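For reference, structure09.txt is printed below; it contains compact mmCIF, C-alpha atoms.
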# COMPACT_ATOMS: atom_id res chain seq x y z
CA ALA A 180 -5.57 -0.78 16.85
CA GLN A 181 -2.54 0.23 14.89
CA LYS A 182 -1.77 3.72 13.75
CA ILE A 183 0.84 5.18 11.46
CA THR A 184 1.60 8.90 11.50
CA GLN A 185 3.50 10.86 8.90
CA THR A 186 3.64 14.49 9.92
CA GLN A 187 5.32 15.91 6.83
CA PRO A 188 2.82 16.45 4.00
CA GLY A 189 5.58 17.72 1.75
CA MET A 190 9.36 17.90 1.72
CA PHE A 191 11.90 19.53 -0.56
CA VAL A 192 15.48 18.39 -0.96
CA GLN A 193 18.31 19.45 -3.22
CA GLU A 194 19.64 16.90 -5.62
CA LYS A 195 22.51 14.84 -4.17
CA GLU A 196 21.61 15.71 -0.59
CA ALA A 197 20.16 13.35 1.99
CA VAL A 198 16.61 13.62 3.29
CA THR A 199 14.75 12.06 6.20
CA LEU A 200 11.06 11.26 6.03
CA ASP A 201 9.42 10.85 9.39
CA CYS A 202 7.16 8.03 10.49
CA THR A 203 5.87 7.20 13.94
CA TYR A 204 3.67 4.27 14.81
CA ASP A 205 1.52 2.95 17.56
CA THR A 206 0.82 -0.68 18.28
CA SER A 207 0.36 -2.89 21.29
CA ASP A 208 1.69 -5.95 19.53
CA PRO A 209 5.33 -6.82 20.32
CA SER A 210 5.82 -8.35 16.88
CA TYR A 211 5.29 -6.10 13.90
CA GLY A 212 6.71 -5.14 10.56
CA LEU A 213 7.25 -1.71 9.12
CA PHE A 214 7.42 -0.89 5.43
CA TRP A 215 8.20 2.08 3.24
CA TYR A 216 6.73 2.41 -0.23
CA LYS A 217 7.31 4.91 -2.98
CA GLN A 218 4.40 5.94 -5.18
CA PRO A 219 5.30 7.91 -8.30
CA SER A 220 2.68 9.72 -10.33
CA SER A 221 1.92 6.51 -12.22
CA GLY A 222 0.35 5.16 -9.04
CA GLU A 223 2.26 1.94 -8.61
CA MET A 224 3.44 1.12 -5.12
CA ILE A 225 7.16 0.41 -5.10
CA PHE A 226 8.51 -1.44 -2.09
CA LEU A 227 11.60 0.25 -0.67
CA ILE A 228 12.52 -1.23 2.66
CA TYR A 229 11.30 -3.41 5.52
CA GLN A 230 12.08 -3.44 9.23
CA GLY A 231 10.96 -6.15 11.59
CA SER A 232 10.38 -5.28 15.22
CA TYR A 233 12.91 -7.86 16.37
CA ASP A 234 15.56 -6.99 13.84
CA GLN A 235 18.74 -6.05 15.64
CA GLN A 236 20.05 -3.75 13.00
CA ASN A 237 18.50 -0.93 11.02
CA ALA A 238 17.47 -2.02 7.55
CA THR A 239 19.34 -0.72 4.53
CA GLU A 240 18.64 -1.14 0.83
CA GLY A 241 21.00 0.76 -1.42
CA ARG A 242 20.39 4.49 -0.93
CA TYR A 243 17.54 3.79 1.48
CA SER A 244 18.02 3.21 5.15
CA LEU A 245 15.58 3.01 7.99
CA ASN A 246 16.33 4.79 11.24
CA PHE A 247 14.46 2.48 13.60
CA GLN A 248 14.06 3.76 17.15
CA LYS A 249 11.88 1.23 18.87
CA ALA A 250 11.55 3.01 22.20
CA ARG A 251 10.37 6.15 20.45
CA LYS A 252 8.22 4.12 18.05
CA SER A 253 9.69 5.80 15.04
CA ALA A 254 10.83 4.38 11.72
CA ASN A 255 12.19 7.23 9.66
CA LEU A 256 13.28 6.69 6.08
CA VAL A 257 16.60 8.19 5.06
CA ILE A 258 17.32 8.66 1.38
CA SER A 259 20.92 9.46 0.65
CA ALA A 260 22.22 11.24 -2.44
CA SER A 261 18.77 12.26 -3.65
CA GLN A 262 18.02 11.99 -7.35
CA LEU A 263 15.41 13.75 -9.43
CA GLY A 264 13.69 10.40 -9.90
CA ASP A 265 13.11 10.19 -6.16
CA SER A 266 10.36 12.80 -6.46
CA ALA A 267 7.21 10.93 -5.45
CA MET A 268 4.83 10.19 -2.60
CA TYR A 269 6.29 8.08 0.15
CA PHE A 270 4.16 5.97 2.46
CA CYS A 271 5.08 4.35 5.72
CA ALA A 272 3.04 1.26 6.55
CA MET A 273 2.68 -1.28 9.31
CA ARG A 274 1.60 -4.86 8.92
CA GLU A 275 -1.18 -6.14 11.11
CA PRO A 276 -0.27 -8.54 13.92
CA SER A 277 -0.04 -12.21 13.08
CA ASP A 278 -3.01 -13.09 15.23
CA THR A 279 -5.32 -11.33 12.79
CA GLY A 280 -4.43 -13.94 10.22
CA ARG A 281 -4.62 -11.67 7.25
CA ARG A 282 -1.60 -9.36 7.79
CA ALA A 283 -2.98 -6.36 5.90
CA LEU A 284 -1.07 -3.08 5.82
CA THR A 285 -2.08 0.14 7.52
CA PHE A 286 -0.71 3.19 5.76
CA GLY A 287 0.27 6.62 6.93
CA SER A 288 -0.98 9.71 5.14
CA GLY A 289 2.15 10.00 3.06
CA THR A 290 4.85 12.57 2.36
CA ARG A 291 5.33 14.16 -1.03
CA LEU A 292 9.03 14.53 -1.72
CA GLN A 293 10.25 16.91 -4.36
CA VAL A 294 13.88 16.81 -5.39
CA GLN A 295 15.15 20.06 -6.79
CA PRO A 296 18.03 20.30 -9.27
CA GLY H 155 10.79 -10.83 -7.94
CA ALA H 156 7.12 -11.44 -7.34
CA VAL H 157 4.84 -9.77 -9.85
CA VAL H 158 1.21 -8.80 -9.51
CA SER H 159 -0.76 -7.59 -12.48
CA GLN H 160 -4.01 -5.66 -12.63
CA HIS H 161 -6.36 -5.25 -15.52
CA PRO H 162 -7.52 -2.86 -16.78
CA SER H 163 -5.12 -0.08 -15.84
CA ARG H 164 -7.72 2.55 -16.66
CA VAL H 165 -11.44 2.32 -17.18
CA ILE H 166 -14.17 4.84 -17.83
CA CYS H 167 -17.73 3.73 -17.37
CA LYS H 168 -21.15 5.27 -17.24
CA SER H 169 -23.06 5.70 -14.04
CA GLY H 170 -25.17 2.64 -13.27
CA THR H 171 -22.96 0.12 -15.04
CA SER H 172 -20.68 -2.48 -13.47
CA VAL H 173 -16.93 -2.74 -13.83
CA LYS H 174 -14.72 -5.74 -13.13
CA ILE H 175 -11.06 -5.37 -12.13
CA GLU H 176 -8.74 -8.36 -12.15
CA CYS H 177 -5.74 -8.90 -9.92
CA ARG H 178 -3.32 -11.71 -10.74
CA SER H 179 -0.20 -12.99 -9.05
CA LEU H 180 1.96 -14.03 -11.98
CA ASP H 181 4.76 -16.07 -10.47
CA PHE H 182 3.55 -17.10 -7.04
CA GLN H 183 0.49 -18.40 -5.30
CA ALA H 184 -1.25 -15.78 -3.25
CA THR H 185 -2.71 -17.03 0.00
CA THR H 186 -4.41 -13.73 0.57
CA MET H 187 -5.22 -10.79 -1.64
CA PHE H 188 -6.14 -7.31 -0.51
CA TRP H 189 -8.06 -4.55 -2.22
CA TYR H 190 -7.28 -0.95 -1.42
CA ARG H 191 -8.83 2.29 -2.60
CA GLN H 192 -7.02 5.57 -2.91
CA PHE H 193 -8.75 8.90 -3.48
CA PRO H 194 -6.73 11.77 -4.95
CA LYS H 195 -4.05 13.10 -2.64
CA GLN H 196 -5.00 10.59 0.04
CA SER H 197 -3.54 7.42 1.42
CA LEU H 198 -4.48 3.84 0.65
CA MET H 199 -7.44 2.52 2.57
CA LEU H 200 -8.09 -1.18 2.89
CA MET H 201 -11.45 -2.18 1.44
CA ALA H 202 -11.46 -5.93 1.78
CA THR H 203 -9.41 -9.06 2.23
CA SER H 204 -9.95 -12.16 0.16
CA ASN H 205 -8.74 -15.70 0.54
CA GLU H 206 -9.03 -18.32 -2.15
CA GLY H 207 -12.27 -20.25 -1.92
CA SER H 208 -13.82 -18.26 0.88
CA LYS H 209 -15.90 -15.13 1.23
CA ALA H 210 -14.15 -11.82 1.36
CA THR H 211 -13.91 -9.86 4.58
CA TYR H 212 -14.91 -6.23 4.17
CA GLU H 213 -13.75 -3.27 6.19
CA GLN H 214 -16.27 -1.24 8.09
CA GLY H 215 -18.11 1.15 5.83
CA VAL H 216 -17.43 -0.79 2.62
CA GLU H 217 -20.60 -2.09 1.02
CA LYS H 218 -20.13 -5.75 0.18
CA ASP H 219 -23.05 -5.75 -2.24
CA LYS H 220 -21.53 -2.89 -4.16
CA PHE H 221 -17.96 -4.13 -4.23
CA LEU H 222 -18.12 -7.81 -5.09
CA ILE H 223 -14.92 -9.73 -4.58
CA ASN H 224 -14.26 -13.18 -5.95
CA HIS H 225 -11.07 -15.08 -5.24
CA ALA H 226 -11.46 -17.97 -7.63
CA SER H 227 -7.93 -19.34 -7.48
CA LEU H 228 -4.61 -18.84 -5.74
CA THR H 229 -3.55 -16.48 -8.50
CA LEU H 230 -6.69 -14.49 -9.31
CA SER H 231 -8.97 -12.16 -7.42
CA THR H 232 -11.58 -9.92 -9.01
CA LEU H 233 -13.29 -6.78 -7.75
CA THR H 234 -16.58 -5.85 -9.37
CA VAL H 235 -17.94 -2.39 -8.75
CA THR H 236 -21.68 -2.76 -9.26
CA SER H 237 -23.99 0.07 -10.25
CA ALA H 238 -21.09 2.46 -10.27
CA HIS H 239 -21.60 6.09 -9.34
CA PRO H 240 -19.30 9.08 -9.83
CA GLU H 241 -18.30 8.94 -6.16
CA ASP H 242 -16.83 5.48 -6.84
CA SER H 243 -14.26 7.10 -9.10
CA SER H 244 -10.94 6.30 -7.49
CA PHE H 245 -7.66 4.43 -7.81
CA TYR H 246 -8.11 0.77 -6.90
CA ILE H 247 -5.01 -1.21 -6.09
CA CYS H 248 -4.63 -4.82 -5.09
CA SER H 249 -1.87 -6.58 -3.25
CA ALA H 250 -1.07 -10.23 -2.76
CA ARG H 251 0.63 -12.13 0.03
CA ASP H 252 2.83 -15.06 -0.74
CA GLY H 253 2.34 -16.78 2.59
CA GLY H 254 5.53 -15.36 3.97
CA ARG H 255 6.59 -11.86 4.71
CA GLY H 256 6.13 -10.56 1.20
CA GLN H 257 3.23 -8.44 0.09
CA TYR H 258 3.28 -7.28 -3.48
CA PHE H 259 1.19 -4.59 -5.11
CA GLY H 260 -0.37 -4.48 -8.51
CA PRO H 261 0.01 -1.36 -10.65
CA GLY H 262 -3.50 -0.16 -9.85
CA THR H 263 -6.65 0.61 -11.81
CA ARG H 264 -7.94 4.13 -12.27
CA LEU H 265 -11.73 4.09 -12.42
CA THR H 266 -13.67 7.07 -13.69
CA VAL H 267 -17.44 6.96 -13.54
CA THR H 268 -19.20 9.54 -15.70
How would this structure read if it were set down as structure tokens?
Amino acid sequence: AQKITQTQPGMFVQEKEAVTLDCTYDTSDPSYGLFWYKQPSSGEMIFLIYQGSYDQQNATEGRYSLNFQKARKSANLVISASQLGDSAMYFCAMREPSDTGRRALTFGSGTRLQVQP
Amino acid sequence: GAVVSQHPSRVICKSGTSVKIECRSLDFQATTMFWYRQFPKQSLMLMATSNEGSKATYEQGVEKDKFLINHASLTLSTLTVTSAHPEDSSFYICSARDGGRGQYFGPGTRLTVT
């Protein structure tokens, strides 16, 4: 069974600074995908970044980058130059192995990020 | 990009009544749709998986007779909460797979049962 762990219930960061949100995972499948989503107070799930287990390089999407350390089974999200609009819940998720057929996502417990002016 | 809509965005119903929530993929065909539930300050928990034309697969602990899922076409899945009770009040969110790597979420439906 897969498991996603986010150990930081809440984080504070000053505007314009960088912040790292931690995520560790556990899976026995050699092929997997890791996602980060942002959930503002409106509730919508906003896709931020994806990392495949066989990707050679760490994923980057604008101000978001994923610090993927496969041996440590960690996939931390780095947000650079934080903005007030980054204040939200952030979820790390793992996609089920392909042999399940359905490929549902398993989510971590989330980290609430608050950006301070 | 791929868009998934949900309707209604908010609904208030009385205890004992049924509520239907629609999830539509607007610009792609969804091979699989997922229904998640999120209680306040908690994470998303998968309730069920639906594929077009076949019965939904429910997660352990989710009552299939209470949460009826119909996946009538490749662009529409519906979740009906039957005989709703206050403890069913939650945020229900669907997602849709496009057959590839993408999985796209709807904006969610906030259900309040009084």
May I have a table of the residues of chain A lying at most 10 Å from chain H, giving each one's closest pair of atoms and their distance in Å to one decimal, counting all atoms listed in the file, ordered by chain and ascending residue number, as CSV?
residue,atom,partner,partner_atom,distance
A:Gly212,CA,H:Arg255,CA,8.9
A:Ser221,CA,H:Pro261,CA,8.2
A:Gly222,CA,H:Gly262,CA,6.6
A:Glu223,CA,H:Pro261,CA,4.5
A:Met224,CA,H:Phe259,CA,6.1
A:Ile225,CA,H:Phe259,CA,7.8
A:Phe226,CA,H:Tyr258,CA,8.0
A:Tyr229,CA,H:Arg255,CA,9.7
A:Gly231,CA,H:Arg255,CA,10.0
A:Met268,CA,H:Lys195,CA,9.3
A:Tyr269,CA,H:Ser197,CA,9.9
A:Phe270,CA,H:Ser197,CA,7.9
A:Ala272,CA,H:Leu198,CA,9.9
A:Arg274,CA,H:Arg255,CA,9.6
A:Gly280,CA,H:Thr186,CA,9.7
A:Arg281,CA,H:Thr186,CA,7.0
A:Arg282,CA,H:Arg251,CA,8.5
A:Ala283,CA,H:Phe188,CA,7.2
A:Leu284,CA,H:Leu200,CA,7.8
A:Thr285,CA,H:Met199,CA,7.7
A:Phe286,CA,H:Leu198,CA,6.4
A:Gly287,CA,H:Ser197,CA,6.7
A:Ser288,CA,H:Ser197,CA,5.1
A:Gly289,CA,H:Ser197,CA,6.5
A:Thr290,CA,H:Ser197,CA,9.9
A:Arg291,CA,H:Lys195,CA,9.6
Quick one: residues within 12 Å of A:Asp201, only C-alpha atoms, excluding same-chain residues fewer than 4 positions away - as a tab-separated table (two decimals) with C-alpha atoms, in the coordinates of the input?
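selection_12.tsv written:
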chain	number	residue	atom	x	y	z
A	183	ILE	CA	0.84	5.18	11.46
A	184	THR	CA	1.60	8.90	11.50
A	185	GLN	CA	3.50	10.86	8.90
A	186	THR	CA	3.64	14.49	9.92
A	187	GLN	CA	5.32	15.91	6.83
A	188	PRO	CA	2.82	16.45	4.00
A	189	GLY	CA	5.58	17.72	1.75
A	190	MET	CA	9.36	17.90	1.72
A	215	TRP	CA	8.20	2.08	3.24
A	245	LEU	CA	15.58	3.01	7.99
A	246	ASN	CA	16.33	4.79	11.24
A	247	PHE	CA	14.46	2.48	13.60
A	248	GLN	CA	14.06	3.76	17.15
A	252	LYS	CA	8.22	4.12	18.05
A	253	SER	CA	9.69	5.80	15.04
A	254	ALA	CA	10.83	4.38	11.72
A	255	ASN	CA	12.19	7.23	9.66
A	256	LEU	CA	13.28	6.69	6.08
A	257	VAL	CA	16.60	8.19	5.06
A	258	ILE	CA	17.32	8.66	1.38
A	269	TYR	CA	6.29	8.08	0.15
A	270	PHE	CA	4.16	5.97	2.46
A	271	CYS	CA	5.08	4.35	5.72
A	272	ALA	CA	3.04	1.26	6.55
A	287	GLY	CA	0.27	6.62	6.93
A	288	SER	CA	-0.98	9.71	5.14
A	289	GLY	CA	2.15	10.00	3.06
A	290	THR	CA	4.85	12.57	2.36
A	291	ARG	CA	5.33	14.16	-1.03
A	292	LEU	CA	9.03	14.53	-1.72
Report summary line: Correct to one decimal, the distance atom CA of H:Gly254-atom CA of A:Thr203 is 24.7 Å
Query raised in the report: Can you list, as a count of residues only, every protein, DNA or RNA residue that comes within 10 Å of stretch 219-231 of chain H when you count all atoms listed in the file, leaving out same-chain residues fewer than 2 positions away?
Result: 46
Query raised in the report: Got a sec: who's within 9 Å of A:Ser210, counting only C-alpha atoms, leaving out chain neighbours fewer than 4 positions off, as a PyMOL selection string?
Result: chain A and resi 231-233+276-277
Query raised in the report: With distances taken over all atoms listed in the file, which of A:Leu227, A:Thr279, A:Ser266, A:Cys202 is nearest to A:Lys249?
Result: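 Among the listed residues, A:Cys202 lies closest to A:Lys249.
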Query - Residue list as JSON, numbers by chain for point (-0.1, 0.8, 13.3), cut-off 7 Å, all atoms listed in the file - result: {"A": [180, 181, 182, 183, 204, 205, 206, 273, 285]}
Report task. Give me, please, the distance in Å between atom CA of A:Arg251 and atom CA of H:Glu213, quoted to one decimal. Result -> 29.6 Å
Query raised in the report: What separation in Å, quoted to one decimal, exists between atom CA of A:Tyr211 and atom CA of A:Ala238?
Result: 14.3 Å
Report summary line: Among H:Gly215, H:Phe193, H:Arg164, H:Thr171, H:Glu241 is approached most closely, using all atoms listed in the file, by H:Phe193
Kindly write all heavy atoms of stretch 206-220 of chain H from the structure just given to a file, as a compact mmCIF listing (two decimals), in the first residue's frame.
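Writing done, so here's decode-v4.txt:
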# COMPACT_ATOMS: atom_id res chain seq x y z
N GLU H 206 -16.88 4.63 -17.38
CA GLU H 206 -18.08 4.75 -18.20
C GLU H 206 -18.65 3.38 -18.53
O GLU H 206 -17.93 2.49 -18.98
CB GLU H 206 -17.73 5.52 -19.48
CG GLU H 206 -18.94 5.80 -20.37
CD GLU H 206 -19.03 4.83 -21.51
OE1 GLU H 206 -18.04 4.15 -21.82
OE2 GLU H 206 -20.11 4.76 -22.12
N GLY H 207 -19.93 3.23 -18.25
CA GLY H 207 -20.64 2.01 -18.61
C GLY H 207 -20.47 0.85 -17.66
O GLY H 207 -20.99 -0.24 -17.92
N SER H 208 -19.75 1.04 -16.59
CA SER H 208 -19.60 -0.08 -15.64
C SER H 208 -19.89 0.40 -14.22
O SER H 208 -19.96 1.61 -13.96
CB SER H 208 -18.20 -0.68 -15.73
OG SER H 208 -17.22 0.29 -15.42
N LYS H 209 -20.05 -0.56 -13.33
CA LYS H 209 -20.34 -0.21 -11.94
C LYS H 209 -19.15 0.45 -11.28
O LYS H 209 -18.00 0.09 -11.55
CB LYS H 209 -20.75 -1.46 -11.16
CG LYS H 209 -22.12 -2.01 -11.52
CD LYS H 209 -22.48 -3.18 -10.63
CE LYS H 209 -23.86 -3.70 -10.97
NZ LYS H 209 -24.24 -4.85 -10.10
N ALA H 210 -19.46 1.35 -10.36
CA ALA H 210 -18.39 2.02 -9.64
C ALA H 210 -17.74 1.09 -8.64
O ALA H 210 -18.36 0.13 -8.15
CB ALA H 210 -18.95 3.25 -8.92
N THR H 211 -16.50 1.35 -8.35
CA THR H 211 -15.76 0.61 -7.33
C THR H 211 -15.63 1.51 -6.11
O THR H 211 -15.08 2.61 -6.20
CB THR H 211 -14.36 0.23 -7.84
OG1 THR H 211 -14.48 -0.50 -9.04
CG2 THR H 211 -13.63 -0.59 -6.79
N TYR H 212 -16.11 1.03 -4.98
CA TYR H 212 -16.14 1.84 -3.77
C TYR H 212 -14.99 1.46 -2.84
O TYR H 212 -14.60 0.30 -2.73
CB TYR H 212 -17.46 1.65 -3.03
CG TYR H 212 -18.63 2.24 -3.78
CD1 TYR H 212 -19.26 1.53 -4.81
CD2 TYR H 212 -19.12 3.49 -3.47
CE1 TYR H 212 -20.32 2.08 -5.51
CE2 TYR H 212 -20.19 4.05 -4.14
CZ TYR H 212 -20.79 3.33 -5.17
OH TYR H 212 -21.84 3.88 -5.85
N GLU H 213 -14.47 2.46 -2.15
CA GLU H 213 -13.43 2.22 -1.16
C GLU H 213 -14.06 1.58 0.09
O GLU H 213 -15.26 1.72 0.35
CB GLU H 213 -12.74 3.51 -0.78
CG GLU H 213 -11.96 4.13 -1.93
CD GLU H 213 -10.90 3.20 -2.47
OE1 GLU H 213 -9.93 2.91 -1.74
OE2 GLU H 213 -11.05 2.75 -3.63
N GLN H 214 -13.21 0.92 0.83
CA GLN H 214 -13.68 0.27 2.05
C GLN H 214 -14.29 1.30 2.99
O GLN H 214 -13.70 2.38 3.20
CB GLN H 214 -12.50 -0.44 2.73
CG GLN H 214 -12.90 -1.39 3.82
CD GLN H 214 -11.71 -2.21 4.32
OE1 GLN H 214 -10.56 -1.93 3.99
NE2 GLN H 214 -11.99 -3.22 5.12
N GLY H 215 -15.44 0.98 3.51
CA GLY H 215 -16.10 1.88 4.45
C GLY H 215 -17.06 2.85 3.81
O GLY H 215 -17.78 3.56 4.53
N VAL H 216 -17.11 2.90 2.49
CA VAL H 216 -18.05 3.79 1.80
C VAL H 216 -19.26 2.98 1.39
O VAL H 216 -19.14 1.97 0.69
CB VAL H 216 -17.39 4.42 0.56
CG1 VAL H 216 -18.39 5.30 -0.19
CG2 VAL H 216 -16.17 5.23 0.96
N GLU H 217 -20.43 3.42 1.83
CA GLU H 217 -21.66 2.68 1.55
C GLU H 217 -22.14 2.93 0.13
O GLU H 217 -22.54 4.03 -0.23
CB GLU H 217 -22.75 3.11 2.52
CG GLU H 217 -22.41 2.91 3.99
CD GLU H 217 -23.48 3.52 4.87
OE1 GLU H 217 -24.66 3.12 4.73
OE2 GLU H 217 -23.16 4.42 5.67
N LYS H 218 -22.12 1.89 -0.68
CA LYS H 218 -22.50 2.05 -2.08
C LYS H 218 -23.98 2.35 -2.25
O LYS H 218 -24.38 2.96 -3.24
CB LYS H 218 -22.11 0.83 -2.90
CG LYS H 218 -22.77 -0.45 -2.45
CD LYS H 218 -22.30 -1.62 -3.33
CE LYS H 218 -22.96 -2.92 -2.93
NZ LYS H 218 -22.48 -4.06 -3.76
N ASP H 219 -24.80 1.92 -1.31
CA ASP H 219 -26.23 2.20 -1.42
C ASP H 219 -26.56 3.62 -1.00
O ASP H 219 -27.64 4.12 -1.30
CB ASP H 219 -27.03 1.21 -0.57
CG ASP H 219 -26.92 -0.20 -1.09
OD1 ASP H 219 -26.75 -0.36 -2.32
OD2 ASP H 219 -27.00 -1.14 -0.29
N LYS H 220 -25.65 4.24 -0.30
CA LYS H 220 -25.87 5.61 0.15
C LYS H 220 -25.30 6.60 -0.86
O LYS H 220 -25.87 7.65 -1.10
CB LYS H 220 -25.22 5.83 1.50
CG LYS H 220 -25.43 7.23 2.05
CD LYS H 220 -24.99 7.33 3.48
CE LYS H 220 -25.36 8.70 4.02
NZ LYS H 220 -26.80 8.95 3.97
